[in-house]
$ cat input-v1.pdb   # PDB, C-alpha atoms
ATOM      1  CA  MET A  56      12.407  37.116   8.389  1.00  0.00           C
ATOM      2  CA  ARG A  57      11.686  36.974   4.654  1.00  0.00           C
ATOM      3  CA  GLN A  58      15.380  36.371   3.984  1.00  0.00           C
ATOM      4  CA  CYS A  59      15.352  33.335   6.293  1.00  0.00           C
ATOM      5  CA  ILE A  60      12.293  31.894   4.560  1.00  0.00           C
ATOM      6  CA  SER A  61      13.828  32.465   1.128  1.00  0.00           C
ATOM      7  CA  LEU A  62      17.042  30.785   2.224  1.00  0.00           C
ATOM      8  CA  LEU A  63      15.241  27.689   3.492  1.00  0.00           C
ATOM      9  CA  ILE A  64      13.161  27.381   0.329  1.00  0.00           C
ATOM     10  CA  LEU A  65      16.275  27.787  -1.825  1.00  0.00           C
ATOM     11  CA  LEU A  66      18.072  25.076   0.128  1.00  0.00           C
ATOM     12  CA  LEU A  67      15.121  22.729  -0.278  1.00  0.00           C
ATOM     13  CA  LEU A  68      15.124  23.335  -4.018  1.00  0.00           C
ATOM     14  CA  HIS A  69      18.817  22.533  -4.160  1.00  0.00           C
ATOM     15  CA  LEU A  70      18.309  19.085  -2.624  1.00  0.00           C
ATOM     16  CA  LYS A  71      18.161  16.687  -5.561  1.00  0.00           C
ATOM     17  CA  ALA A  72      15.246  14.299  -5.799  1.00  0.00           C
ATOM     18  CA  SER A  73      17.643  11.652  -7.077  1.00  0.00           C
ATOM     19  CA  CYS A  74      19.723  11.985  -3.893  1.00  0.00           C
ATOM     20  CA  SER A  75      22.831  12.537  -6.053  1.00  0.00           C
ATOM     21  CA  PHE A  76      25.322  14.867  -4.393  1.00  0.00           C
ATOM     22  CA  THR A  77      28.899  15.949  -4.911  1.00  0.00           C
ATOM     23  CA  GLN A  78      31.664  16.718  -2.440  1.00  0.00           C
ATOM     24  CA  SER A  79      33.199  20.112  -1.743  1.00  0.00           C
ATOM     25  CA  ASN A  80      36.730  19.231  -0.668  1.00  0.00           C
ATOM     26  CA  ASN A  81      37.758  22.738   0.288  1.00  0.00           C
ATOM     27  CA  GLN A  82      35.031  22.846   2.944  1.00  0.00           C
ATOM     28  CA  GLY A  83      35.778  19.394   4.363  1.00  0.00           C
ATOM     29  CA  PHE A  84      32.178  18.198   4.196  1.00  0.00           C
ATOM     30  CA  TYR A  85      29.505  17.380   1.645  1.00  0.00           C
ATOM     31  CA  ARG A  86      27.328  19.984  -0.010  1.00  0.00           C
ATOM     32  CA  PRO A  87      24.469  19.463  -2.450  1.00  0.00           C
ATOM     33  CA  ALA A  88      25.405  19.482  -6.136  1.00  0.00           C
ATOM     34  CA  ARG A  89      24.525  22.787  -7.753  1.00  0.00           C
ATOM     35  CA  SER A  90      25.121  22.030 -11.425  1.00  0.00           C
ATOM     36  CA  GLN A  91      21.413  21.556 -12.161  1.00  0.00           C
ATOM     37  CA  TYR A  92      18.357  23.206 -10.759  1.00  0.00           C
ATOM     38  CA  VAL A  93      14.606  22.818 -10.675  1.00  0.00           C
ATOM     39  CA  ASN A  94      14.314  20.305 -13.550  1.00  0.00           C
ATOM     40  CA  ASP A  95      16.696  17.911 -11.805  1.00  0.00           C
ATOM     41  CA  LEU A  96      15.714  18.749  -8.254  1.00  0.00           C
ATOM     42  CA  PHE A  97      12.280  18.885  -6.745  1.00  0.00           C
ATOM     43  CA  ALA A  98       9.717  19.388  -9.503  1.00  0.00           C
ATOM     44  CA  SER A  99       8.214  22.077  -7.300  1.00  0.00           C
ATOM     45  CA  VAL A 100       7.895  23.193  -3.710  1.00  0.00           C
ATOM     46  CA  SER A 101       4.306  22.550  -2.731  1.00  0.00           C
ATOM     47  CA  THR A 102       2.264  25.006  -0.721  1.00  0.00           C
ATOM     48  CA  LYS A 103       2.350  22.522   2.136  1.00  0.00           C
ATOM     49  CA  SER A 104       6.167  22.402   2.058  1.00  0.00           C
ATOM     50  CA  GLU A 105       6.352  26.190   1.967  1.00  0.00           C
ATOM     51  CA  ASP A 106       4.048  26.386   4.965  1.00  0.00           C
ATOM     52  CA  ILE A 107       6.245  23.912   6.862  1.00  0.00           C
ATOM     53  CA  LEU A 108       9.303  26.091   6.305  1.00  0.00           C
ATOM     54  CA  LYS A 109       7.649  29.371   7.236  1.00  0.00           C
ATOM     55  CA  ARG A 110       8.147  30.771  10.712  1.00  0.00           C
ATOM     56  CA  ASN A 111       5.840  33.497  11.968  1.00  0.00           C
ATOM     57  CA  TYR A 112       8.498  34.662  14.420  1.00  0.00           C
ATOM     58  CA  GLU A 113      12.140  35.662  14.370  1.00  0.00           C
ATOM     59  CA  ILE A 114      14.704  32.938  15.044  1.00  0.00           C
ATOM     60  CA  GLU A 115      16.940  34.980  17.329  1.00  0.00           C
ATOM     61  CA  HIS A 116      20.696  34.695  16.827  1.00  0.00           C
ATOM     62  CA  LEU A 117      21.402  33.427  20.341  1.00  0.00           C
ATOM     63  CA  PRO A 118      25.001  32.684  21.398  1.00  0.00           C
ATOM     64  CA  ILE A 119      24.156  29.001  21.926  1.00  0.00           C
ATOM     65  CA  ARG A 120      21.220  26.743  21.077  1.00  0.00           C
ATOM     66  CA  ILE A 121      20.497  23.225  22.377  1.00  0.00           C
ATOM     67  CA  GLY A 122      18.749  20.494  20.410  1.00  0.00           C
ATOM     68  CA  HIS A 123      17.581  16.957  21.119  1.00  0.00           C
ATOM     69  CA  GLY A 124      16.840  14.297  18.510  1.00  0.00           C
ATOM     70  CA  PHE A 125      15.380  10.803  18.759  1.00  0.00           C
ATOM     71  CA  ASP A 126      14.771   8.047  16.242  1.00  0.00           C
ATOM     72  CA  ILE A 127      13.685   4.421  16.351  1.00  0.00           C
ATOM     73  CA  HIS A 128      13.370   1.834  13.604  1.00  0.00           C
ATOM     74  CA  ARG A 129      12.229  -1.745  13.410  1.00  0.00           C
ATOM     75  CA  MET A 130      14.755  -4.490  12.692  1.00  0.00           C
ATOM     76  CA  ALA A 131      13.805  -7.658  10.848  1.00  0.00           C
ATOM     77  CA  PRO A 132      15.447 -10.464   8.899  1.00  0.00           C
ATOM     78  CA  LEU A 133      17.441  -8.994   6.021  1.00  0.00           C
ATOM     79  CA  GLU A 134      15.238 -10.539   3.340  1.00  0.00           C
ATOM     80  CA  GLU A 135      12.169  -8.923   4.927  1.00  0.00           C
ATOM     81  CA  ALA A 136      13.764  -5.529   5.615  1.00  0.00           C
ATOM     82  CA  GLY A 137      15.251  -5.353   2.135  1.00  0.00           C
ATOM     83  CA  GLN A 138      18.253  -3.319   3.276  1.00  0.00           C
ATOM     84  CA  PRO A 139      21.119  -3.766   5.754  1.00  0.00           C
ATOM     85  CA  VAL A 140      21.663  -2.150   9.139  1.00  0.00           C
ATOM     86  CA  VAL A 141      23.260   1.250   8.464  1.00  0.00           C
ATOM     87  CA  ILE A 142      24.240   3.395  11.449  1.00  0.00           C
ATOM     88  CA  GLY A 143      26.174   6.642  11.252  1.00  0.00           C
ATOM     89  CA  GLY A 144      26.747   6.017   7.564  1.00  0.00           C
ATOM     90  CA  VAL A 145      28.370   2.628   8.247  1.00  0.00           C
ATOM     91  CA  THR A 146      26.960  -0.711   7.090  1.00  0.00           C
ATOM     92  CA  ILE A 147      27.094  -2.957  10.154  1.00  0.00           C
ATOM     93  CA  THR A 148      28.362  -6.337   9.035  1.00  0.00           C
ATOM     94  CA  HIS A 149      27.586  -9.125  11.486  1.00  0.00           C
ATOM     95  CA  LYS A 150      27.099 -12.825  11.940  1.00  0.00           C
ATOM     96  CA  ASP A 151      23.594 -14.286  12.235  1.00  0.00           C
ATOM     97  CA  GLN A 152      21.783 -12.897  15.276  1.00  0.00           C
ATOM     98  CA  LYS A 153      19.138 -14.366  17.598  1.00  0.00           C
ATOM     99  CA  TRP A 154      16.109 -12.330  16.557  1.00  0.00           C
ATOM    100  CA  THR A 155      12.807 -12.806  18.406  1.00  0.00           C
ATOM    101  CA  ASP A 156       9.990 -13.684  15.991  1.00  0.00           C
ATOM    102  CA  ALA A 157       7.141 -11.964  17.830  1.00  0.00           C
ATOM    103  CA  GLU A 158       4.611 -12.653  15.080  1.00  0.00           C
ATOM    104  CA  GLY A 159       5.559 -16.210  14.205  1.00  0.00           C
ATOM    105  CA  LYS A 160       6.523 -15.498  10.595  1.00  0.00           C
ATOM    106  CA  TYR A 161       9.571 -17.762  10.517  1.00  0.00           C
ATOM    107  CA  VAL A 162       9.370 -19.937  13.633  1.00  0.00           C
ATOM    108  CA  GLU A 163       6.887 -20.493  16.432  1.00  0.00           C
ATOM    109  CA  LYS A 164       5.488 -17.189  17.722  1.00  0.00           C
ATOM    110  CA  GLY A 165       7.900 -15.754  20.263  1.00  0.00           C
ATOM    111  CA  GLY A 166      10.644 -18.144  19.202  1.00  0.00           C
ATOM    112  CA  ILE A 167      14.220 -17.343  18.241  1.00  0.00           C
ATOM    113  CA  PHE A 168      15.167 -17.111  14.576  1.00  0.00           C
ATOM    114  CA  GLU A 169      18.868 -16.849  13.737  1.00  0.00           C
ATOM    115  CA  THR A 170      19.278 -14.477  10.825  1.00  0.00           C
ATOM    116  CA  GLN A 171      21.105 -11.569   9.260  1.00  0.00           C
ATOM    117  CA  LEU A 172      19.359  -8.361  10.289  1.00  0.00           C
ATOM    118  CA  GLY A 173      18.185  -5.353   8.317  1.00  0.00           C
ATOM    119  CA  VAL A 174      16.388  -2.101   9.128  1.00  0.00           C
ATOM    120  CA  VAL A 175      12.795  -1.493   8.073  1.00  0.00           C
ATOM    121  CA  ALA A 176      12.524   2.128   6.933  1.00  0.00           C
ATOM    122  CA  HIS A 177      11.450   4.376   4.064  1.00  0.00           C
ATOM    123  CA  SER A 178      14.983   5.757   3.647  1.00  0.00           C
ATOM    124  CA  ASP A 179      18.040   3.781   4.772  1.00  0.00           C
ATOM    125  CA  GLY A 180      16.861   3.987   8.399  1.00  0.00           C
ATOM    126  CA  ASP A 181      20.064   5.486   9.815  1.00  0.00           C
ATOM    127  CA  VAL A 182      19.020   6.288  13.389  1.00  0.00           C
ATOM    128  CA  ILE A 183      22.114   8.363  14.211  1.00  0.00           C
ATOM    129  CA  TYR A 184      21.864  10.598  11.166  1.00  0.00           C
ATOM    130  CA  HIS A 185      18.119  11.025  11.604  1.00  0.00           C
ATOM    131  CA  SER A 186      18.561  11.967  15.261  1.00  0.00           C
ATOM    132  CA  VAL A 187      21.317  14.470  14.486  1.00  0.00           C
ATOM    133  CA  VAL A 188      19.201  16.126  11.786  1.00  0.00           C
ATOM    134  CA  ASP A 189      16.216  16.284  14.124  1.00  0.00           C
ATOM    135  CA  ALA A 190      18.375  17.827  16.860  1.00  0.00           C
ATOM    136  CA  ILE A 191      19.690  20.521  14.497  1.00  0.00           C
ATOM    137  CA  PHE A 192      16.172  21.377  13.349  1.00  0.00           C
ATOM    138  CA  GLY A 193      14.977  21.388  16.963  1.00  0.00           C
ATOM    139  CA  ALA A 194      17.752  23.698  18.114  1.00  0.00           C
ATOM    140  CA  LEU A 195      16.677  26.164  15.413  1.00  0.00           C
ATOM    141  CA  THR A 196      12.963  25.790  16.272  1.00  0.00           C
ATOM    142  CA  LEU A 197      12.307  24.337  12.811  1.00  0.00           C
ATOM    143  CA  PRO A 198       9.964  21.471  11.871  1.00  0.00           C
ATOM    144  CA  ASP A 199      11.059  17.910  12.630  1.00  0.00           C
ATOM    145  CA  ILE A 200      12.733  15.621  10.114  1.00  0.00           C
ATOM    146  CA  GLY A 201       9.507  13.726   9.499  1.00  0.00           C
ATOM    147  CA  GLN A 202       7.849  16.888   8.218  1.00  0.00           C
ATOM    148  CA  VAL A 203      10.744  17.963   6.021  1.00  0.00           C
ATOM    149  CA  PHE A 204      11.520  14.484   4.620  1.00  0.00           C
ATOM    150  CA  GLN A 205       8.175  12.744   4.770  1.00  0.00           C
ATOM    151  CA  ASP A 206       8.124   8.943   4.730  1.00  0.00           C
ATOM    152  CA  THR A 207       5.299   9.011   2.188  1.00  0.00           C
ATOM    153  CA  ASP A 208       7.442  10.846  -0.372  1.00  0.00           C
ATOM    154  CA  PRO A 209       8.874   8.476  -3.017  1.00  0.00           C
ATOM    155  CA  ARG A 210      11.879  10.789  -3.466  1.00  0.00           C
ATOM    156  CA  TRP A 211      13.285   9.547  -0.160  1.00  0.00           C
ATOM    157  CA  LYS A 212      12.658   5.827  -0.729  1.00  0.00           C
ATOM    158  CA  GLY A 213      15.937   4.067   0.107  1.00  0.00           C
ATOM    159  CA  CYS A 214      17.743   7.409   0.231  1.00  0.00           C
ATOM    160  CA  ASP A 215      21.194   7.637   1.794  1.00  0.00           C
ATOM    161  CA  SER A 216      20.567   9.636   4.975  1.00  0.00           C
ATOM    162  CA  SER A 217      23.839  11.504   4.567  1.00  0.00           C
ATOM    163  CA  LYS A 218      21.799  13.659   2.167  1.00  0.00           C
ATOM    164  CA  PHE A 219      19.583  14.692   5.075  1.00  0.00           C
ATOM    165  CA  MET A 220      22.712  15.554   7.056  1.00  0.00           C
ATOM    166  CA  GLU A 221      23.980  17.695   4.181  1.00  0.00           C
ATOM    167  CA  TYR A 222      20.714  19.586   4.087  1.00  0.00           C
ATOM    168  CA  ALA A 223      20.643  20.079   7.861  1.00  0.00           C
ATOM    169  CA  ASN A 224      24.198  21.411   7.708  1.00  0.00           C
ATOM    170  CA  GLU A 225      23.201  23.921   5.031  1.00  0.00           C
ATOM    171  CA  VAL A 226      20.275  25.079   7.163  1.00  0.00           C
ATOM    172  CA  MET A 227      22.480  25.400  10.248  1.00  0.00           C
ATOM    173  CA  VAL A 228      25.150  27.396   8.398  1.00  0.00           C
ATOM    174  CA  GLY A 229      22.476  29.508   6.730  1.00  0.00           C
ATOM    175  CA  HIS A 230      21.253  30.577  10.156  1.00  0.00           C
ATOM    176  CA  GLY A 231      24.772  31.542  11.222  1.00  0.00           C
ATOM    177  CA  TYR A 232      25.591  28.549  13.419  1.00  0.00           C
ATOM    178  CA  GLU A 233      28.106  25.739  13.651  1.00  0.00           C
ATOM    179  CA  ILE A 234      28.352  22.643  15.818  1.00  0.00           C
ATOM    180  CA  GLY A 235      29.267  23.289  19.461  1.00  0.00           C
ATOM    181  CA  ASN A 236      29.276  19.622  20.399  1.00  0.00           C
ATOM    182  CA  ILE A 237      27.294  16.448  19.695  1.00  0.00           C
ATOM    183  CA  ASP A 238      26.592  13.613  22.139  1.00  0.00           C
ATOM    184  CA  VAL A 239      25.091  10.446  20.624  1.00  0.00           C
ATOM    185  CA  THR A 240      23.557   7.553  22.559  1.00  0.00           C
ATOM    186  CA  LEU A 241      22.856   4.558  20.344  1.00  0.00           C
ATOM    187  CA  ILE A 242      20.652   1.822  21.831  1.00  0.00           C
ATOM    188  CA  LEU A 243      20.593  -1.697  20.403  1.00  0.00           C
ATOM    189  CA  GLU A 244      21.092  -5.156  21.834  1.00  0.00           C
ATOM    190  CA  ARG A 245      22.872  -6.646  18.837  1.00  0.00           C
ATOM    191  CA  PRO A 246      24.831  -6.535  16.613  1.00  0.00           C
ATOM    192  CA  LYS A 247      27.766  -5.122  18.499  1.00  0.00           C
ATOM    193  CA  VAL A 248      28.997  -1.803  17.098  1.00  0.00           C
ATOM    194  CA  ALA A 249      32.073  -0.851  19.142  1.00  0.00           C
ATOM    195  CA  SER A 250      34.476  -1.444  16.263  1.00  0.00           C
ATOM    196  CA  PHE A 251      32.358   0.712  13.942  1.00  0.00           C
ATOM    197  CA  LYS A 252      32.134   3.791  16.162  1.00  0.00           C
ATOM    198  CA  PRO A 253      35.339   5.507  14.944  1.00  0.00           C
ATOM    199  CA  GLU A 254      34.068   5.448  11.347  1.00  0.00           C
ATOM    200  CA  MET A 255      30.650   6.725  12.443  1.00  0.00           C
ATOM    201  CA  LYS A 256      32.339   9.605  14.241  1.00  0.00           C
ATOM    202  CA  ASP A 257      34.505  10.418  11.225  1.00  0.00           C
ATOM    203  CA  ASN A 258      31.404  10.563   9.039  1.00  0.00           C
ATOM    204  CA  ILE A 259      29.620  13.015  11.343  1.00  0.00           C
ATOM    205  CA  VAL A 260      32.712  15.204  11.616  1.00  0.00           C
ATOM    206  CA  ARG A 261      33.052  15.320   7.835  1.00  0.00           C
ATOM    207  CA  LEU A 262      29.402  15.910   7.001  1.00  0.00           C
ATOM    208  CA  LEU A 263      28.962  18.722   9.534  1.00  0.00           C
ATOM    209  CA  GLY A 264      32.358  20.362   9.010  1.00  0.00           C
ATOM    210  CA  THR A 265      33.334  20.044  12.643  1.00  0.00           C
ATOM    211  CA  THR A 266      36.198  18.450  14.619  1.00  0.00           C
ATOM    212  CA  PRO A 267      36.623  15.106  16.455  1.00  0.00           C
ATOM    213  CA  GLY A 268      36.780  16.851  19.826  1.00  0.00           C
ATOM    214  CA  LYS A 269      33.176  18.002  19.378  1.00  0.00           C
ATOM    215  CA  VAL A 270      31.572  14.632  18.571  1.00  0.00           C
ATOM    216  CA  ASN A 271      30.984  11.713  20.946  1.00  0.00           C
ATOM    217  CA  ILE A 272      29.268   8.391  20.232  1.00  0.00           C
ATOM    218  CA  LYS A 273      28.134   6.043  22.995  1.00  0.00           C
ATOM    219  CA  ALA A 274      26.395   2.694  22.518  1.00  0.00           C
ATOM    220  CA  ARG A 275      24.501   0.586  25.012  1.00  0.00           C
ATOM    221  CA  THR A 276      22.191  -2.407  25.090  1.00  0.00           C
ATOM    222  CA  HIS A 277      18.601  -2.413  26.338  1.00  0.00           C
ATOM    223  CA  GLU A 278      19.287  -5.177  28.883  1.00  0.00           C
ATOM    224  CA  ARG A 279      17.188  -7.610  26.795  1.00  0.00           C
ATOM    225  CA  LEU A 280      14.036  -5.597  27.534  1.00  0.00           C
ATOM    226  CA  ASP A 281      11.228  -4.809  25.094  1.00  0.00           C
ATOM    227  CA  SER A 282      11.611  -4.815  21.313  1.00  0.00           C
ATOM    228  CA  MET A 283      15.148  -3.453  21.423  1.00  0.00           C
ATOM    229  CA  GLY A 284      16.239  -6.192  23.793  1.00  0.00           C
ATOM    230  CA  GLU A 285      14.704  -8.760  21.453  1.00  0.00           C
ATOM    231  CA  LEU A 286      16.624  -7.353  18.448  1.00  0.00           C
ATOM    232  CA  ARG A 287      13.375  -6.205  16.853  1.00  0.00           C
ATOM    233  CA  SER A 288      14.315  -2.514  16.935  1.00  0.00           C
ATOM    234  CA  LEU A 289      17.114  -0.031  17.530  1.00  0.00           C
ATOM    235  CA  SER A 290      16.985   3.603  18.616  1.00  0.00           C
ATOM    236  CA  CYS A 291      19.117   6.666  19.185  1.00  0.00           C
ATOM    237  CA  HIS A 292      19.165   9.865  21.245  1.00  0.00           C
ATOM    238  CA  VAL A 293      21.244  12.889  20.280  1.00  0.00           C
ATOM    239  CA  VAL A 294      21.866  16.041  22.284  1.00  0.00           C
ATOM    240  CA  LEU A 295      23.828  18.815  20.615  1.00  0.00           C
ATOM    241  CA  THR A 296      24.662  22.467  20.894  1.00  0.00           C
ATOM    242  CA  LEU A 297      24.916  25.022  18.108  1.00  0.00           C
ATOM    243  CA  VAL A 298      27.105  28.069  18.572  1.00  0.00           C
ATOM    244  CA  ARG A 299      27.224  31.269  16.557  1.00  0.00           C
ATOM    245  CA  SER A 300      29.762  31.082  13.770  1.00  0.00           C
TER
END
$ encode --input "input-v1.pdb" --output "C-alpha cells"
Amino acid sequence: MRQCISLLILLLLHLKASCSFTQSNNQGFYRPARSQYVNDLFASVSTKSEDILKRNYEIEHLPIRIGHGFDIHRMAPLEEAGQPVVIGGVTITHKDQKWTDAEGKYVEKGGIFETQLGVVAHSDGDVIYHSVVDAIFGALTLPDIGQVFQDTDPRWKGCDSSKFMEYANEVMVGHGYEIGNIDVTLILERPKVASFKPEMKDNIVRLLGTTPGKVNIKARTHERLDSMGELRSLSCHVVLTLVRS
C-alpha cells in the first residue's frame, strides 16, 4: 500500500510544471523528462494533492479492469476560444462552420454565425485524451482527471493534453497493467473528422505503448440536437480495459 502511494507521488513530482517532456524511443511512447527534479517540476506536492492520491484500501491486481471516461467542452468562434479544435492530439483544420450564437454575441440571438471554431478549455481541451486518462484512472479506482489536473491550476493553462496521457500511462504501468483495448466514441456535429481519425489512433497507440489492433475510434454527430448539434460543444466517451502486464 505504502509503495503504491509513494509511486504515485513520485510520478506526480516527475510531471513538469512547464509541460516540457522528452521522448523515449526505445519504449515507443512518451515518458516525462527526468533530467531535472523538484526545482523544475512541481514546487511541492500539497497536502491536498497527497490526500487525493492516497487510497485507504488495496488496489487488487485483478486480471482485467474496465474503465469509462467522459469529457465535454464548449466550442466557440476561434477568436473567443483562443485556441483551435484539438482532438486526439490532432489540430482539426476546417472551413468556416455554421455555429449557433445562442447568446447573441455576434449576430441576432439564436442566429447562425459562420466562423472558424475553437475549444474553450483550461488546457487544450482535447476530449479524447481527457476521456482516455479518466478511463485509466477509473479502471484503477483512482481520482478523476479533474482532481489530478485541476482547471484552477495555472500549471495546466493551455497545456498539451498528451502530457496527461503520459502521466496516466506511467500510473497504469506502475500498477502493473497495460492496455487491453480502447473504444472511443467522439460526438460532434461539425467539423467532420473522418480524415483525421488515423492520426488520432496513431497518437494513442504511441502514447500508451500499445498496438493498432487494440485501439478503435468512432465519430458520430448529435443529429443537430442540443448544444452539440448546434456546434456549441463536443464530447467523447471512452471505454477501455486494462490487463495485467
$ residues_around --input "input-v1.pdb" --residues "range 168-185 of chain A" --least-positions-apart "5" --cutoff "7 Å" --atoms "all atoms listed in the file" --output "number ranges by chain"
A: 126-133, 136-143, 150-156, 161-162, 206, 211-217, 220, 290-291
$ atom_distance --input "input-v1.pdb" --atom1 "CA of Leu295 in chain A" --atom2 "CA of Pro246 in chain A"
25.7 Å
$ closest_residue --input "input-v1.pdb" --among "A:Gly193, A:Gly159, A:Glu278, A:Thr207" --to "Gly122 in chain A" --atoms "only C-alpha atoms"
A:Gly193
$ residues_near_point --input "input-v1.pdb" --point "(12.7, 13.8, 19.8)" --cutoff "8 Å" --atoms "only C-alpha atoms" --output "list in words"
His123, Gly124, Phe125, Asp126, Ser186, Asp189, Ala190 and His292 of chain A
$ residues_around --input "input-v1.pdb" --residues "range 258-271 of chain A" --least-positions-apart "5" --cutoff "12 Å" --atoms "only C-alpha atoms" --output "mmCIF file with C-alpha atoms, in the frame of the given file"
data_model
loop_
_atom_site.group_PDB
_atom_site.id
_atom_site.type_symbol
_atom_site.label_atom_id
_atom_site.label_comp_id
_atom_site.auth_asym_id
_atom_site.auth_seq_id
_atom_site.Cartn_x
_atom_site.Cartn_y
_atom_site.Cartn_z
ATOM 1 C CA THR A 77 28.899 15.949 -4.911
ATOM 2 C CA GLN A 78 31.664 16.718 -2.440
ATOM 3 C CA SER A 79 33.199 20.112 -1.743
ATOM 4 C CA ASN A 80 36.730 19.231 -0.668
ATOM 5 C CA ASN A 81 37.758 22.738 0.288
ATOM 6 C CA GLN A 82 35.031 22.846 2.944
ATOM 7 C CA GLY A 83 35.778 19.394 4.363
ATOM 8 C CA PHE A 84 32.178 18.198 4.196
ATOM 9 C CA TYR A 85 29.505 17.380 1.645
ATOM 10 C CA ARG A 86 27.328 19.984 -0.010
ATOM 11 C CA PRO A 87 24.469 19.463 -2.450
ATOM 12 C CA ILE A 142 24.240 3.395 11.449
ATOM 13 C CA GLY A 143 26.174 6.642 11.252
ATOM 14 C CA GLY A 144 26.747 6.017 7.564
ATOM 15 C CA VAL A 145 28.370 2.628 8.247
ATOM 16 C CA ILE A 183 22.114 8.363 14.211
ATOM 17 C CA TYR A 184 21.864 10.598 11.166
ATOM 18 C CA HIS A 185 18.119 11.025 11.604
ATOM 19 C CA SER A 186 18.561 11.967 15.261
ATOM 20 C CA VAL A 187 21.317 14.470 14.486
ATOM 21 C CA VAL A 188 19.201 16.126 11.786
ATOM 22 C CA ILE A 191 19.690 20.521 14.497
ATOM 23 C CA SER A 216 20.567 9.636 4.975
ATOM 24 C CA SER A 217 23.839 11.504 4.567
ATOM 25 C CA LYS A 218 21.799 13.659 2.167
ATOM 26 C CA PHE A 219 19.583 14.692 5.075
ATOM 27 C CA MET A 220 22.712 15.554 7.056
ATOM 28 C CA GLU A 221 23.980 17.695 4.181
ATOM 29 C CA TYR A 222 20.714 19.586 4.087
ATOM 30 C CA ALA A 223 20.643 20.079 7.861
ATOM 31 C CA ASN A 224 24.198 21.411 7.708
ATOM 32 C CA GLU A 225 23.201 23.921 5.031
ATOM 33 C CA VAL A 226 20.275 25.079 7.163
ATOM 34 C CA MET A 227 22.480 25.400 10.248
ATOM 35 C CA VAL A 228 25.150 27.396 8.398
ATOM 36 C CA TYR A 232 25.591 28.549 13.419
ATOM 37 C CA GLU A 233 28.106 25.739 13.651
ATOM 38 C CA ILE A 234 28.352 22.643 15.818
ATOM 39 C CA GLY A 235 29.267 23.289 19.461
ATOM 40 C CA ASN A 236 29.276 19.622 20.399
ATOM 41 C CA ILE A 237 27.294 16.448 19.695
ATOM 42 C CA ASP A 238 26.592 13.613 22.139
ATOM 43 C CA VAL A 239 25.091 10.446 20.624
ATOM 44 C CA THR A 240 23.557 7.553 22.559
ATOM 45 C CA LEU A 241 22.856 4.558 20.344
ATOM 46 C CA PHE A 251 32.358 0.712 13.942
ATOM 47 C CA LYS A 252 32.134 3.791 16.162
ATOM 48 C CA PRO A 253 35.339 5.507 14.944
ATOM 49 C CA HIS A 292 19.165 9.865 21.245
ATOM 50 C CA VAL A 293 21.244 12.889 20.280
ATOM 51 C CA VAL A 294 21.866 16.041 22.284
ATOM 52 C CA LEU A 295 23.828 18.815 20.615
ATOM 53 C CA THR A 296 24.662 22.467 20.894
ATOM 54 C CA LEU A 297 24.916 25.022 18.108
ATOM 55 C CA VAL A 298 27.105 28.069 18.572
ATOM 56 C CA SER A 300 29.762 31.082 13.770
#
$ atom_distance --input "input-v1.pdb" --atom1 "CA of His116 in chain A" --atom2 "CA of Leu197 in chain A"
13.9 Å
$ atom_distance --input "input-v1.pdb" --atom1 "CA of His277 in chain A" --atom2 "CA of Ala194 in chain A"
27.4 Å
